[in-house]
Structure formats: C-alpha cells, structure tokens
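**Q** Here you go, this is entry_18.pdb (PDB, C-alpha atoms and all ligand atoms).
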```pdb
ATOM      1  CA  MET A1389      84.184 110.445 105.665
ATOM      2  CA  ILE A1390      86.217 107.558 104.236
ATOM      3  CA  PRO A1391      84.304 104.281 104.535
ATOM      4  CA  LEU A1392      85.461 101.577 106.917
ATOM      5  CA  SER A1393      83.644  98.243 106.779
ATOM      6  CA  VAL A1394      83.829  95.109 108.862
ATOM      7  CA  LEU A1395      82.833  91.927 107.070
ATOM      8  CA  LEU A1396      82.414  88.662 108.936
ATOM      9  CA  HIS A1397      82.892  85.165 107.543
ATOM     10  CA  ARG A1398      82.198  81.781 109.067
ATOM     11  CA  ASP A1399      85.797  80.587 109.163
ATOM     12  CA  GLN A1400      89.194  81.145 107.567
ATOM     13  CA  ASP A1401      88.379  79.067 104.479
ATOM     14  CA  VAL A1402      85.272  81.098 103.687
ATOM     15  CA  LEU A1403      87.154  84.302 104.436
ATOM     16  CA  ALA A1404      89.956  83.336 102.041
ATOM     17  CA  GLU A1405      87.547  82.435  99.243
ATOM     18  CA  ALA A1406      85.505  85.607  99.707
ATOM     19  CA  ALA A1407      88.608  87.803  99.741
ATOM     20  CA  ALA A1408      89.942  86.034  96.645
ATOM     21  CA  ALA A1409      86.654  86.667  94.807
ATOM     22  CA  ARG A1410      86.692  90.295  95.937
ATOM     23  CA  LEU A1411      90.272  90.673  94.701
ATOM     24  CA  VAL A1412      89.377  89.335  91.255
ATOM     25  CA  THR A1413      86.582  91.891  90.993
ATOM     26  CA  ARG A1414      88.781  94.750  92.142
ATOM     27  CA  LEU A1415      91.609  93.865  89.733
ATOM     28  CA  VAL A1416      89.242  93.395  86.797
ATOM     29  CA  ASP A1417      87.530  96.722  87.530
ATOM     30  CA  ALA A1418      90.872  98.523  87.744
ATOM     31  CA  GLN A1419      92.019  96.988  84.465
ATOM     32  CA  ALA A1420      88.769  97.980  82.777
ATOM     33  CA  ALA A1421      89.148 101.546  84.025
ATOM     34  CA  ARG A1422      92.872 102.075  83.561
ATOM     35  CA  GLY A1423      94.317  99.170  81.627
ATOM     36  CA  SER A1424      96.321  97.814  84.537
ATOM     37  CA  ALA A1425      95.936  97.005  88.228
ATOM     38  CA  SER A1426      98.170  96.857  91.258
ATOM     39  CA  VAL A1427      98.089  94.822  94.419
ATOM     40  CA  VAL A1428     100.262  94.745  97.523
ATOM     41  CA  LEU A1429     100.622  91.292  99.042
ATOM     42  CA  THR A1430     101.074  90.298 102.649
ATOM     43  CA  GLY A1431     102.644  87.299 104.274
ATOM     44  CA  GLY A1432     101.088  85.314 107.058
ATOM     45  CA  GLY A1433      98.473  82.623 107.330
ATOM     46  CA  VAL A1434      95.366  84.326 105.974
ATOM     47  CA  GLY A1435      97.167  86.368 103.333
ATOM     48  CA  THR A1436      98.686  83.241 101.851
ATOM     49  CA  ALA A1437      95.355  81.391 102.128
ATOM     50  CA  VAL A1438      93.721  84.138 100.050
ATOM     51  CA  LEU A1439      96.313  83.670  97.308
ATOM     52  CA  ALA A1440      95.849  79.888  97.362
ATOM     53  CA  ALA A1441      92.070  80.313  97.148
ATOM     54  CA  LEU A1442      92.543  82.625  94.187
ATOM     55  CA  ALA A1443      94.816  80.130  92.433
ATOM     56  CA  ALA A1444      92.188  77.410  92.945
ATOM     57  CA  SER A1445      89.343  79.554  91.622
ATOM     58  CA  GLY A1446      88.239  79.509  87.986
ATOM     59  CA  ALA A1447      87.565  83.233  88.367
ATOM     60  CA  ARG A1448      91.307  83.890  88.404
ATOM     61  CA  ASP A1449      91.209  83.714  84.615
ATOM     62  CA  ALA A1450      89.059  86.856  84.539
ATOM     63  CA  VAL A1451      92.198  88.811  85.478
ATOM     64  CA  ASP A1452      94.750  89.752  82.836
ATOM     65  CA  TRP A1453      97.709  88.780  84.998
ATOM     66  CA  GLY A1454     100.192  90.244  82.536
ATOM     67  CA  ARG A1455      98.827  93.671  83.447
ATOM     68  CA  VAL A1456      98.988  93.372  87.227
ATOM     69  CA  ASP A1457     101.746  95.032  89.234
ATOM     70  CA  VAL A1458     102.553  92.994  92.324
ATOM     71  CA  TRP A1459     104.217  94.567  95.352
ATOM     72  CA  TRP A1460     104.789  93.501  98.956
ATOM     73  CA  GLY A1461     103.928  95.308 102.165
ATOM     74  CA  ASP A1462     106.787  93.715 104.054
ATOM     75  CA  GLU A1463     109.382  91.019 103.797
ATOM     76  CA  ARG A1464     111.480  88.893 106.053
ATOM     77  CA  PHE A1465     115.093  89.764 105.134
ATOM     78  CA  LEU A1466     116.285  86.263 104.276
ATOM     79  CA  PRO A1467     117.956  84.703 101.225
ATOM     80  CA  THR A1468     115.995  84.215  98.003
ATOM     81  CA  GLY A1469     113.776  81.148  98.162
ATOM     82  CA  ASP A1470     113.875  80.882 101.938
ATOM     83  CA  PRO A1471     110.553  79.291 102.944
ATOM     84  CA  ASP A1472     110.006  82.043 105.513
ATOM     85  CA  ARG A1473     110.120  84.815 102.935
ATOM     86  CA  ASN A1474     106.700  86.240 102.117
ATOM     87  CA  GLU A1475     107.685  86.217  98.457
ATOM     88  CA  THR A1476     108.350  82.469  98.536
ATOM     89  CA  GLY A1477     104.896  81.794  99.976
ATOM     90  CA  ALA A1478     103.160  84.072  97.489
ATOM     91  CA  ARG A1479     104.894  82.500  94.534
ATOM     92  CA  ALA A1480     104.021  78.980  95.673
ATOM     93  CA  ALA A1481     100.409  79.902  96.460
ATOM     94  CA  LEU A1482      99.598  82.021  93.392
ATOM     95  CA  LEU A1483     102.279  83.686  91.325
ATOM     96  CA  ASP A1484     103.744  80.446  89.984
ATOM     97  CA  HIS A1485     100.260  79.478  88.743
ATOM     98  CA  VAL A1486      99.165  82.577  86.823
ATOM     99  CA  PRO A1487     100.794  84.276  83.820
ATOM    100  CA  VAL A1488     102.220  87.321  85.575
ATOM    101  CA  ASP A1489     104.732  89.491  83.760
ATOM    102  CA  PRO A1490     107.979  88.940  85.726
ATOM    103  CA  ALA A1491     108.903  92.581  85.109
ATOM    104  CA  ARG A1492     105.748  93.642  86.977
ATOM    105  CA  VAL A1493     106.408  91.457  90.032
ATOM    106  CA  HIS A1494     108.325  93.516  92.578
ATOM    107  CA  PRO A1495     109.607  91.423  95.490
ATOM    108  CA  MET A1496     111.458  93.222  98.220
ATOM    109  CA  PRO A1497     115.201  92.514  98.007
ATOM    110  CA  ALA A1498     116.549  89.372  99.648
ATOM    111  CA  ALA A1499     119.515  89.029 101.962
ATOM    112  CA  ASP A1500     121.535  87.513  99.107
ATOM    113  CA  GLY A1501     120.503  90.289  96.721
ATOM    114  CA  PRO A1502     122.455  93.201  95.255
ATOM    115  CA  ASP A1503     122.875  94.875  98.637
ATOM    116  CA  GLY A1504     124.060  91.764 100.404
ATOM    117  CA  ASP A1505     123.240  91.587 104.057
ATOM    118  CA  ASP A1506     122.392  95.308 104.311
ATOM    119  CA  PRO A1507     118.676  95.779 104.984
ATOM    120  CA  GLU A1508     118.915  99.581 105.024
ATOM    121  CA  ALA A1509     120.327  99.602 101.490
ATOM    122  CA  ALA A1510     117.741  97.027 100.429
ATOM    123  CA  ALA A1511     114.922  99.175 101.829
ATOM    124  CA  GLU A1512     116.257 102.187  99.968
ATOM    125  CA  ARG A1513     116.459 100.124  96.774
ATOM    126  CA  TYR A1514     112.778  99.200  97.141
ATOM    127  CA  ALA A1515     111.892 102.846  97.771
ATOM    128  CA  VAL A1516     113.590 103.766  94.494
ATOM    129  CA  GLU A1517     111.625 101.048  92.673
ATOM    130  CA  LEU A1518     108.369 102.323  94.153
ATOM    131  CA  ARG A1519     109.178 105.918  93.277
ATOM    132  CA  ALA A1520     109.853 104.927  89.677
ATOM    133  CA  ALA A1521     106.335 103.467  89.502
ATOM    134  CA  ALA A1522     104.651 106.447  91.208
ATOM    135  CA  ARG A1523     102.530 108.913  89.254
ATOM    136  CA  PRO A1524     104.179 112.346  89.166
ATOM    137  CA  GLU A1525     100.773 114.047  89.337
ATOM    138  CA  ASP A1526     100.081 112.434  92.731
ATOM    139  CA  GLY A1527     103.183 113.872  94.353
ATOM    140  CA  GLU A1528     103.564 110.620  96.314
ATOM    141  CA  PRO A1529     106.723 108.500  96.511
ATOM    142  CA  VAL A1530     104.733 105.312  95.850
ATOM    143  CA  PRO A1531     102.089 104.312  93.310
ATOM    144  CA  PRO A1532      98.380 104.477  94.216
ATOM    145  CA  PHE A1533      97.970 100.748  94.828
ATOM    146  CA  ASP A1534      94.476  99.497  93.988
ATOM    147  CA  VAL A1535      94.414  97.006  96.852
ATOM    148  CA  LEU A1536      96.838  96.605  99.732
ATOM    149  CA  MET A1537      96.311  93.480 101.829
ATOM    150  CA  LEU A1538      97.655  93.160 105.351
ATOM    151  CA  GLY A1539      97.662  90.305 107.797
ATOM    152  CA  VAL A1540      97.208  91.296 111.434
ATOM    153  CA  GLY A1541      99.473  89.923 114.150
ATOM    154  CA  PRO A1542      98.182  89.008 117.611
ATOM    155  CA  ASP A1543     100.245  91.954 118.884
ATOM    156  CA  ALA A1544      98.377  94.263 116.451
ATOM    157  CA  HIS A1545     101.286  94.580 114.018
ATOM    158  CA  VAL A1546     100.713  94.989 110.308
ATOM    159  CA  ALA A1547     103.364  94.553 107.614
ATOM    160  CA  SER A1548     106.535  94.687 109.762
ATOM    161  CA  LEU A1549     105.321  97.672 111.769
ATOM    162  CA  PHE A1550     105.423  96.366 115.330
ATOM    163  CA  PRO A1551     103.997  98.316 118.272
ATOM    164  CA  GLU A1552     106.215 101.037 119.705
ATOM    165  CA  THR A1553     109.151 100.387 117.380
ATOM    166  CA  PRO A1554     110.982 103.092 115.389
ATOM    167  CA  ALA A1555     109.352 102.039 112.111
ATOM    168  CA  VAL A1556     105.910 103.199 113.263
ATOM    169  CA  ARG A1557     107.172 106.790 113.414
ATOM    170  CA  ASP A1558     109.335 106.695 110.276
ATOM    171  CA  GLU A1559     108.139 108.866 107.400
ATOM    172  CA  ARG A1560     110.340 107.311 104.733
ATOM    173  CA  PRO A1561     108.351 105.104 102.335
ATOM    174  CA  VAL A1562     110.265 101.907 103.135
ATOM    175  CA  VAL A1563     112.414 101.036 106.136
ATOM    176  CA  ALA A1564     114.642  98.311 107.430
ATOM    177  CA  VAL A1565     113.391  96.760 110.659
ATOM    178  CA  ARG A1566     115.859  95.280 113.107
ATOM    179  CA  ASP A1567     115.146  93.383 116.314
ATOM    180  CA  ALA A1568     111.561  92.614 115.318
ATOM    181  CA  PRO A1569     109.740  90.898 118.185
ATOM    182  CA  LYS A1570     108.568  88.178 115.779
ATOM    183  CA  PRO A1571     111.216  86.119 113.980
ATOM    184  CA  PRO A1572     113.072  86.684 111.820
ATOM    185  CA  PRO A1573     114.406  89.819 113.501
ATOM    186  CA  THR A1574     115.500  91.604 110.336
ATOM    187  CA  ARG A1575     112.823  92.727 107.928
ATOM    188  CA  ILE A1576     111.874  95.368 105.369
ATOM    189  CA  SER A1577     108.552  97.165 105.589
ATOM    190  CA  LEU A1578     106.436  99.819 103.975
ATOM    191  CA  THR A1579     105.658 102.543 106.511
ATOM    192  CA  PHE A1580     102.313 104.150 107.328
ATOM    193  CA  PRO A1581     102.537 106.862 104.628
ATOM    194  CA  SER A1582     103.010 104.152 101.987
ATOM    195  CA  LEU A1583     100.224 101.960 103.348
ATOM    196  CA  ARG A1584      97.910 104.974 103.337
ATOM    197  CA  ALA A1585      98.699 105.713  99.682
ATOM    198  CA  ALA A1586      96.630 102.656  98.721
ATOM    199  CA  GLU A1587      93.113 103.183  97.459
ATOM    200  CA  GLU A1588      91.819 100.254  99.485
ATOM    201  CA  VAL A1589      93.399  98.621 102.522
ATOM    202  CA  TRP A1590      92.142  95.160 103.411
ATOM    203  CA  LEU A1591      92.960  93.881 106.897
ATOM    204  CA  LEU A1592      92.752  90.101 107.059
ATOM    205  CA  ALA A1593      92.402  88.292 110.375
ATOM    206  CA  ALA A1594      91.265  84.817 111.383
ATOM    207  CA  GLY A1595      91.316  82.955 114.674
ATOM    208  CA  ASP A1596      90.745  83.906 118.275
ATOM    209  CA  SER A1597      94.388  84.934 118.775
ATOM    210  CA  LYS A1598      93.603  87.968 116.578
ATOM    211  CA  ALA A1599      90.439  89.107 118.354
ATOM    212  CA  GLU A1600      92.108  91.632 120.635
ATOM    213  CA  ALA A1601      94.215  93.050 117.785
ATOM    214  CA  VAL A1602      91.067  93.504 115.710
ATOM    215  CA  ARG A1603      89.362  95.301 118.592
ATOM    216  CA  LEU A1604      92.376  97.598 118.912
ATOM    217  CA  GLY A1605      92.348  98.158 115.163
ATOM    218  CA  LEU A1606      88.891  99.664 115.501
ATOM    219  CA  THR A1607      89.301 101.523 118.777
ATOM    220  CA  GLU A1608      92.948 102.387 119.524
ATOM    221  CA  PRO A1609      93.695 106.061 118.795
ATOM    222  CA  SER A1610      97.476 105.527 118.622
ATOM    223  CA  PRO A1611      98.810 103.662 115.566
ATOM    224  CA  ALA A1612     102.176 103.549 117.332
ATOM    225  CA  ARG A1613     100.610 101.401 120.063
ATOM    226  CA  ALA A1614      98.483  99.295 117.693
ATOM    227  CA  PRO A1615      99.728  99.611 114.103
ATOM    228  CA  VAL A1616      96.596  97.905 112.761
ATOM    229  CA  ALA A1617      94.737 101.086 113.783
ATOM    230  CA  GLY A1618      96.894 103.177 111.444
ATOM    231  CA  ALA A1619      96.435 101.201 108.239
ATOM    232  CA  ARG A1620      93.731 102.970 106.278
ATOM    233  CA  GLY A1621      93.027 103.303 102.559
ATOM    234  CA  ARG A1622      92.413 106.586 100.744
ATOM    235  CA  LEU A1623      89.067 105.376  99.420
ATOM    236  CA  GLY A1624      88.199 102.732 101.983
ATOM    237  CA  THR A1625      89.301 100.187 104.544
ATOM    238  CA  LEU A1626      87.918  96.681 104.979
ATOM    239  CA  PHE A1627      88.331  94.438 107.970
ATOM    240  CA  LEU A1628      87.834  90.934 106.547
ATOM    241  CA  LEU A1629      87.411  88.628 109.526
ATOM    242  CA  ASP A1630      86.296  85.207 110.546
ATOM    243  CA  ARG A1631      83.950  84.838 113.491
ATOM    244  CA  ALA A1632      86.735  84.013 115.946
ATOM    245  CA  ALA A1633      88.734  87.132 115.067
ATOM    246  CA  ALA A1634      85.547  89.173 115.430
ATOM    247  CA  ALA A1635      84.839  87.940 118.972
ATOM    248  CA  ARG A1636      85.733  91.280 120.578
ATOM    249  CA  LEU A1637      84.331  93.721 118.056
ATOM    250  CA  PRO A1638      83.460  97.006 119.731
ATOM    251  CA  HIS A1639      79.796  97.816 120.137
ATOM    252  CA  GLY A1640      78.400  99.289 116.940
ATOM    253  CA  ALA A1641      81.062  97.903 114.577
ATOM    254  CA  GLN A1642      79.325  97.137 111.339
ATOM    255  CA  GLY A1643      79.210  93.489 110.434
ATOM    256  CA  LEU A1644      77.606  91.501 107.684
ATOM    257  CA  ALA A1645      77.234  87.943 108.895
ATOM    258  CA  ALA A1646      78.001  85.423 106.184
ATOM    259  CA  PRO A1647      76.471  81.929 106.488
TER
HETATM  260  O1  LIG B   1     105.385  88.309 110.077
HETATM  261  C1  LIG B   1     104.370  88.615 109.515
HETATM  262  O2  LIG B   1     103.172  88.452 110.171
HETATM  263  C2  LIG B   1     101.975  89.076 109.722
HETATM  264  C3  LIG B   1     100.765  88.294 110.227
HETATM  265  O3  LIG B   1     100.930  86.898 110.038
HETATM  266  P1  LIG B   1      99.873  85.820 110.539
HETATM  267  O4  LIG B   1     100.445  84.480 110.187
HETATM  268  O5  LIG B   1      99.715  85.999 112.021
HETATM  269  O6  LIG B   1      98.601  86.103 109.793
HETATM  270  C4  LIG B   1     102.009  89.251 108.236
HETATM  271  O7  LIG B   1     100.934  90.022 107.848
HETATM  272  C5  LIG B   1     103.294  89.910 107.771
HETATM  273  O8  LIG B   1     103.267  90.149 106.384
HETATM  274  C6  LIG B   1     104.400  89.009 108.096
HETATM  275  O9  LIG B   1     105.656  89.424 107.677
END
```
Write the structure described by the file as structure tokens, please.

**A**
Amino acid sequence: MIPLSVLLHRDQDVLAEAAAARLVTRLVDAQAARGSASVVLTGGGVGTAVLAALAASGARDAVDWGRVDVWWGDERFLPTGDPDRNETGARAALLDHVPVDPARVHPMPAADGPDGDDPEAAAERYAVELRAAARPEDGEPVPPFDVLMLGVGPDAHVASLFPETPAVRDERPVVAVRDAPKPPPTRISLTFPSLRAAEEVWLLAAGDSKAEAVRLGLTEPSPARAPVAGARGRLGTLFLLDRAAAARLPHGAQGLAAP
C-alpha cells in the first residue's frame, strides 16, 4: 500500500516553514542519489508562502539550485509578468533569490507567448516540453517529479482541475481549461495522470475555508467530484495542514500534532 500521511501544524506560518524544510531535504536527497532534482510548483496562498519561507531560510543553500528542474502544476493563462500568474508569484517568492539555471525553469506558456492567445496550443507546447524531459524507460509522457506540490481550493480543486469539469476526465498530460469557476477563466493544467507520475505529492492547505475540501480529499471516492482526492504520488502522498484546515479530518486520519 502506498503511504498517505496527514501532518498537522499550528498555523500557516509553521506549515510553510516545515514544508520548506522538508523540500530542502527532499531536493538534497534526490541530488545526492541522482545528481539532480525536480519539483512541481503550485500557485495559491500556502504554496507561495512555502517558497517565501524557503527563500528566507539559510537551509536553502544546501540545495544546488543549478541542478533543480522546476515545473508548474497549473497556470493562469495571462501575459508574462501578470501578478496573477503562478510563475510571477514563484519568481518573486523564491526563484529570483536562488541561483537556478534558467534553462531548467519550465514555466507554462503565457498568453503573450509563442502561441498567442491559444491555450490549447500552449498546453500542447508544455506537453512536448514535459515529454522531452521524460525518461524513456518509464514509458510516461512526463518526468518522474521528485516532489509535486498542490494547493487545495475550498471547492476541492487542485492545480486547475475543478470539480466536474472536462479536465478531470482528460487523459492527455496537459490541458487547456476554459470557463474555470475561479478567475481567471482560462488556464493550463497538468491532468491526473501527470500528477500521479510524481514520486511524492504534497497537498498544502491552511485555514478553515479548506477544512471541507481536506475532508473530501481523504474520503471522497470520486476524483471528478473532489479533485483533491485524485492527487496521489507513486511513492507517497502528504497532506500538510494547519489546524484550521484539519478541523474536519475523518475519524482515524493520522495526524502528528506540531506545537
Ligand atoms: O487558482 C489556484 O488556486 C489553487 C489554490 O489556491 P489558494 O490560494 O486557495 O491556496 C492553487 O493551488 C492553484 O495553483 C491556483 O492556480
């Protein structure tokens, strides 16, 4: 059975610092084992707070940032530099402050990119980029990401996979999302098969508005109804929560209470 763990933290700040420390360890271990590491970033409040905590931590220098491949789980399809793009937030919080190799940073295309205002073509372009980085021996269209982080929406969405939308049933690695219920309406997202190619999936949630989504993530049998329930890693899945987001944990969910 593939391990699933639920870890509780006092509040969002502690959660962000703990996740940042965990990410350093995971990246360093991957680099020691294989020479390089890969991480998939998320947008949203907690995901960006984790990156900011990492940038503020002295431990960040334990990572050889020039040997980290950086990907995104989803993107708001807006022009480059738009403050609502997940890429913009990640660069401001972390990537502008560590010596990443620009060639190993893989933002999803922007609405002013090579495909213009065509999210389907942009999604296909990202799929091609992922395939080029995949390992032929895996037979997967995406690389085996070491860590894939996902924020969790109050409606139980992850990445830009919103409940009962076509993207939750799409088997292509990357899709364009139109008419998203959360603005902006046009997005690009990895799909479930790509999320599940990751070795570890970390679901990040803080605040009482996320408590019901977290409960669904642990109990809902249909990922189409609650996409958070369909995001699972090949080697393990972590729910990294603050106390408020954990307020409706189902009976028996494992939790390690942090001070
Ligand atoms: O729109 C998005 O929302 C989710 C969750 O964001 P949060 O602010 O409620 O934590 C995020 O994970 C996703 O990447 C993003 O595009």

**Q** Which residues are near ligand LIG 1 (chain B) in this structure, taking near to mean any atom at most 9 Å from a ligand atom and counting all atoms listed in the file? Format them as a PDB file with C-alpha atoms, keeping the file's coordinate frame.

**A**
```pdb
ATOM      1  CA  LEU A1429     100.622  91.292  99.042  1.00  0.00           C
ATOM      2  CA  THR A1430     101.074  90.298 102.649  1.00  0.00           C
ATOM      3  CA  GLY A1431     102.644  87.299 104.274  1.00  0.00           C
ATOM      4  CA  GLY A1432     101.088  85.314 107.058  1.00  0.00           C
ATOM      5  CA  GLY A1433      98.473  82.623 107.330  1.00  0.00           C
ATOM      6  CA  VAL A1434      95.366  84.326 105.974  1.00  0.00           C
ATOM      7  CA  GLY A1435      97.167  86.368 103.333  1.00  0.00           C
ATOM      8  CA  THR A1436      98.686  83.241 101.851  1.00  0.00           C
ATOM      9  CA  TRP A1460     104.789  93.501  98.956  1.00  0.00           C
ATOM     10  CA  GLY A1461     103.928  95.308 102.165  1.00  0.00           C
ATOM     11  CA  ASP A1462     106.787  93.715 104.054  1.00  0.00           C
ATOM     12  CA  GLU A1463     109.382  91.019 103.797  1.00  0.00           C
ATOM     13  CA  ARG A1464     111.480  88.893 106.053  1.00  0.00           C
ATOM     14  CA  ASP A1472     110.006  82.043 105.513  1.00  0.00           C
ATOM     15  CA  ARG A1473     110.120  84.815 102.935  1.00  0.00           C
ATOM     16  CA  ASN A1474     106.700  86.240 102.117  1.00  0.00           C
ATOM     17  CA  MET A1537      96.311  93.480 101.829  1.00  0.00           C
ATOM     18  CA  LEU A1538      97.655  93.160 105.351  1.00  0.00           C
ATOM     19  CA  GLY A1539      97.662  90.305 107.797  1.00  0.00           C
ATOM     20  CA  VAL A1540      97.208  91.296 111.434  1.00  0.00           C
ATOM     21  CA  GLY A1541      99.473  89.923 114.150  1.00  0.00           C
ATOM     22  CA  PRO A1542      98.182  89.008 117.611  1.00  0.00           C
ATOM     23  CA  ALA A1544      98.377  94.263 116.451  1.00  0.00           C
ATOM     24  CA  HIS A1545     101.286  94.580 114.018  1.00  0.00           C
ATOM     25  CA  VAL A1546     100.713  94.989 110.308  1.00  0.00           C
ATOM     26  CA  ALA A1547     103.364  94.553 107.614  1.00  0.00           C
ATOM     27  CA  SER A1548     106.535  94.687 109.762  1.00  0.00           C
ATOM     28  CA  LEU A1549     105.321  97.672 111.769  1.00  0.00           C
ATOM     29  CA  LYS A1570     108.568  88.178 115.779  1.00  0.00           C
ATOM     30  CA  PRO A1571     111.216  86.119 113.980  1.00  0.00           C
ATOM     31  CA  PRO A1572     113.072  86.684 111.820  1.00  0.00           C
ATOM     32  CA  ARG A1575     112.823  92.727 107.928  1.00  0.00           C
ATOM     33  CA  ILE A1576     111.874  95.368 105.369  1.00  0.00           C
ATOM     34  CA  SER A1577     108.552  97.165 105.589  1.00  0.00           C
ATOM     35  CA  LEU A1591      92.960  93.881 106.897  1.00  0.00           C
ATOM     36  CA  LEU A1592      92.752  90.101 107.059  1.00  0.00           C
ATOM     37  CA  ALA A1593      92.402  88.292 110.375  1.00  0.00           C
ATOM     38  CA  ALA A1594      91.265  84.817 111.383  1.00  0.00           C
ATOM     39  CA  SER A1597      94.388  84.934 118.775  1.00  0.00           C
ATOM     40  CA  LYS A1598      93.603  87.968 116.578  1.00  0.00           C
TER      41      LYS A1598
END
```

**Q** Take the PyMOL selection byres (((chain A and resi 1620) around 9) and not hetatm), run it mentally on this structure, and tell me the resulting residues as a short mmCIF file (atom, residue, chain, number, x, y, z; two decimals) with C-alpha atoms, in the frame of the given file.

**A**
```
data_model
loop_
_atom_site.label_atom_id
_atom_site.label_comp_id
_atom_site.auth_asym_id
_atom_site.auth_seq_id
_atom_site.Cartn_x
_atom_site.Cartn_y
_atom_site.Cartn_z
CA LEU A 1392 85.46 101.58 106.92
CA PHE A 1580 102.31 104.15 107.33
CA LEU A 1583 100.22 101.96 103.35
CA ARG A 1584 97.91 104.97 103.34
CA ALA A 1585 98.70 105.71 99.68
CA ALA A 1586 96.63 102.66 98.72
CA GLU A 1587 93.11 103.18 97.46
CA GLU A 1588 91.82 100.25 99.48
CA VAL A 1589 93.40 98.62 102.52
CA TRP A 1590 92.14 95.16 103.41
CA VAL A 1616 96.60 97.90 112.76
CA ALA A 1617 94.74 101.09 113.78
CA GLY A 1618 96.89 103.18 111.44
CA ALA A 1619 96.44 101.20 108.24
CA GLY A 1621 93.03 103.30 102.56
CA ARG A 1622 92.41 106.59 100.74
CA LEU A 1623 89.07 105.38 99.42
CA GLY A 1624 88.20 102.73 101.98
CA THR A 1625 89.30 100.19 104.54
CA LEU A 1626 87.92 96.68 104.98
#
```

**Q** Would you write out, as a PyMOL selection string, every residue that the PyMOL selection byres (((chain A and resi 1437-1446) around 10) and not hetatm) captures in this file?

**A** chain A and resi 1400-1412+1429-1436+1447-1450+1477-1486+1537+1592

**Q** Could you please take those selected residues and save C-alpha atoms as an mmCIF file, in the coordinates of the input?

**A**
```
data_model
loop_
_atom_site.group_PDB
_atom_site.id
_atom_site.type_symbol
_atom_site.label_atom_id
_atom_site.label_comp_id
_atom_site.auth_asym_id
_atom_site.auth_seq_id
_atom_site.Cartn_x
_atom_site.Cartn_y
_atom_site.Cartn_z
ATOM 1 C CA GLN A 1400 89.194 81.145 107.567
ATOM 2 C CA ASP A 1401 88.379 79.067 104.479
ATOM 3 C CA VAL A 1402 85.272 81.098 103.687
ATOM 4 C CA LEU A 1403 87.154 84.302 104.436
ATOM 5 C CA ALA A 1404 89.956 83.336 102.041
ATOM 6 C CA GLU A 1405 87.547 82.435 99.243
ATOM 7 C CA ALA A 1406 85.505 85.607 99.707
ATOM 8 C CA ALA A 1407 88.608 87.803 99.741
ATOM 9 C CA ALA A 1408 89.942 86.034 96.645
ATOM 10 C CA ALA A 1409 86.654 86.667 94.807
ATOM 11 C CA ARG A 1410 86.692 90.295 95.937
ATOM 12 C CA LEU A 1411 90.272 90.673 94.701
ATOM 13 C CA VAL A 1412 89.377 89.335 91.255
ATOM 14 C CA LEU A 1429 100.622 91.292 99.042
ATOM 15 C CA THR A 1430 101.074 90.298 102.649
ATOM 16 C CA GLY A 1431 102.644 87.299 104.274
ATOM 17 C CA GLY A 1432 101.088 85.314 107.058
ATOM 18 C CA GLY A 1433 98.473 82.623 107.330
ATOM 19 C CA VAL A 1434 95.366 84.326 105.974
ATOM 20 C CA GLY A 1435 97.167 86.368 103.333
ATOM 21 C CA THR A 1436 98.686 83.241 101.851
ATOM 22 C CA ALA A 1447 87.565 83.233 88.367
ATOM 23 C CA ARG A 1448 91.307 83.890 88.404
ATOM 24 C CA ASP A 1449 91.209 83.714 84.615
ATOM 25 C CA ALA A 1450 89.059 86.856 84.539
ATOM 26 C CA GLY A 1477 104.896 81.794 99.976
ATOM 27 C CA ALA A 1478 103.160 84.072 97.489
ATOM 28 C CA ARG A 1479 104.894 82.500 94.534
ATOM 29 C CA ALA A 1480 104.021 78.980 95.673
ATOM 30 C CA ALA A 1481 100.409 79.902 96.460
ATOM 31 C CA LEU A 1482 99.598 82.021 93.392
ATOM 32 C CA LEU A 1483 102.279 83.686 91.325
ATOM 33 C CA ASP A 1484 103.744 80.446 89.984
ATOM 34 C CA HIS A 1485 100.260 79.478 88.743
ATOM 35 C CA VAL A 1486 99.165 82.577 86.823
ATOM 36 C CA MET A 1537 96.311 93.480 101.829
ATOM 37 C CA LEU A 1592 92.752 90.101 107.059
#
```

**Q** Decode the PyMOL selection byres (((chain A and resi 1612) around 7) and not hetatm) for the given file into explicit residues and return them as a ChimeraX atom specification.

**A** /A:1551-1552,1556,1610-1611,1613-1615

**Q** Between CA of Arg1603 in chain A and CA of Thr1553 in chain A, what distance in Å does the model show, to one decimal?

**A**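 Answer for the CA of Arg1603 in chain A to CA of Thr1553 in chain A separation: 20.5 Å.
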
**Q** Missing atoms in range 1454-1463 of chain A need filling: write out N, CA, C and O atoms for it as an mmCIF file, in the coordinates of the input.

**A**
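The file below, selection_17.cif, is the result:
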```cif
data_model
loop_
_atom_site.group_PDB
_atom_site.id
_atom_site.type_symbol
_atom_site.label_atom_id
_atom_site.label_comp_id
_atom_site.auth_asym_id
_atom_site.auth_seq_id
_atom_site.Cartn_x
_atom_site.Cartn_y
_atom_site.Cartn_z
ATOM 1 N N GLY A 1454 99.051 89.546 83.126
ATOM 2 C CA GLY A 1454 100.192 90.244 82.536
ATOM 3 C C GLY A 1454 100.140 91.749 82.744
ATOM 4 O O GLY A 1454 101.113 92.455 82.480
ATOM 5 N N ARG A 1455 98.977 92.234 83.216
ATOM 6 C CA ARG A 1455 98.827 93.671 83.447
ATOM 7 C C ARG A 1455 98.514 93.962 84.920
ATOM 8 O O ARG A 1455 97.769 94.866 85.250
ATOM 9 N N VAL A 1456 99.106 93.138 85.784
ATOM 10 C CA VAL A 1456 98.988 93.372 87.227
ATOM 11 C C VAL A 1456 100.385 93.653 87.791
ATOM 12 O O VAL A 1456 101.313 92.873 87.567
ATOM 13 N N ASP A 1457 100.504 94.755 88.500
ATOM 14 C CA ASP A 1457 101.746 95.032 89.234
ATOM 15 C C ASP A 1457 101.603 94.466 90.632
ATOM 16 O O ASP A 1457 100.615 94.728 91.326
ATOM 17 N N VAL A 1458 102.593 93.681 91.033
ATOM 18 C CA VAL A 1458 102.553 92.994 92.324
ATOM 19 C C VAL A 1458 103.668 93.537 93.211
ATOM 20 O O VAL A 1458 104.849 93.512 92.826
ATOM 21 N N TRP A 1459 103.265 94.018 94.372
ATOM 22 C CA TRP A 1459 104.217 94.567 95.352
ATOM 23 C C TRP A 1459 104.049 93.825 96.671
ATOM 24 O O TRP A 1459 103.093 93.065 96.846
ATOM 25 N N TRP A 1460 104.916 94.088 97.605
ATOM 26 C CA TRP A 1460 104.789 93.501 98.956
ATOM 27 C C TRP A 1460 104.771 94.599 100.005
ATOM 28 O O TRP A 1460 105.481 95.620 99.878
ATOM 29 N N GLY A 1461 103.998 94.364 101.056
ATOM 30 C CA GLY A 1461 103.928 95.308 102.165
ATOM 31 C C GLY A 1461 105.086 95.157 103.129
ATOM 32 O O GLY A 1461 105.493 96.103 103.803
ATOM 33 N N ASP A 1462 105.608 93.937 103.212
ATOM 34 C CA ASP A 1462 106.787 93.715 104.054
ATOM 35 C C ASP A 1462 107.443 92.412 103.643
ATOM 36 O O ASP A 1462 106.874 91.617 102.897
ATOM 37 N N GLU A 1463 108.649 92.239 104.131
ATOM 38 C CA GLU A 1463 109.382 91.019 103.797
ATOM 39 C C GLU A 1463 110.316 90.658 104.938
ATOM 40 O O GLU A 1463 110.835 91.538 105.650
#
```
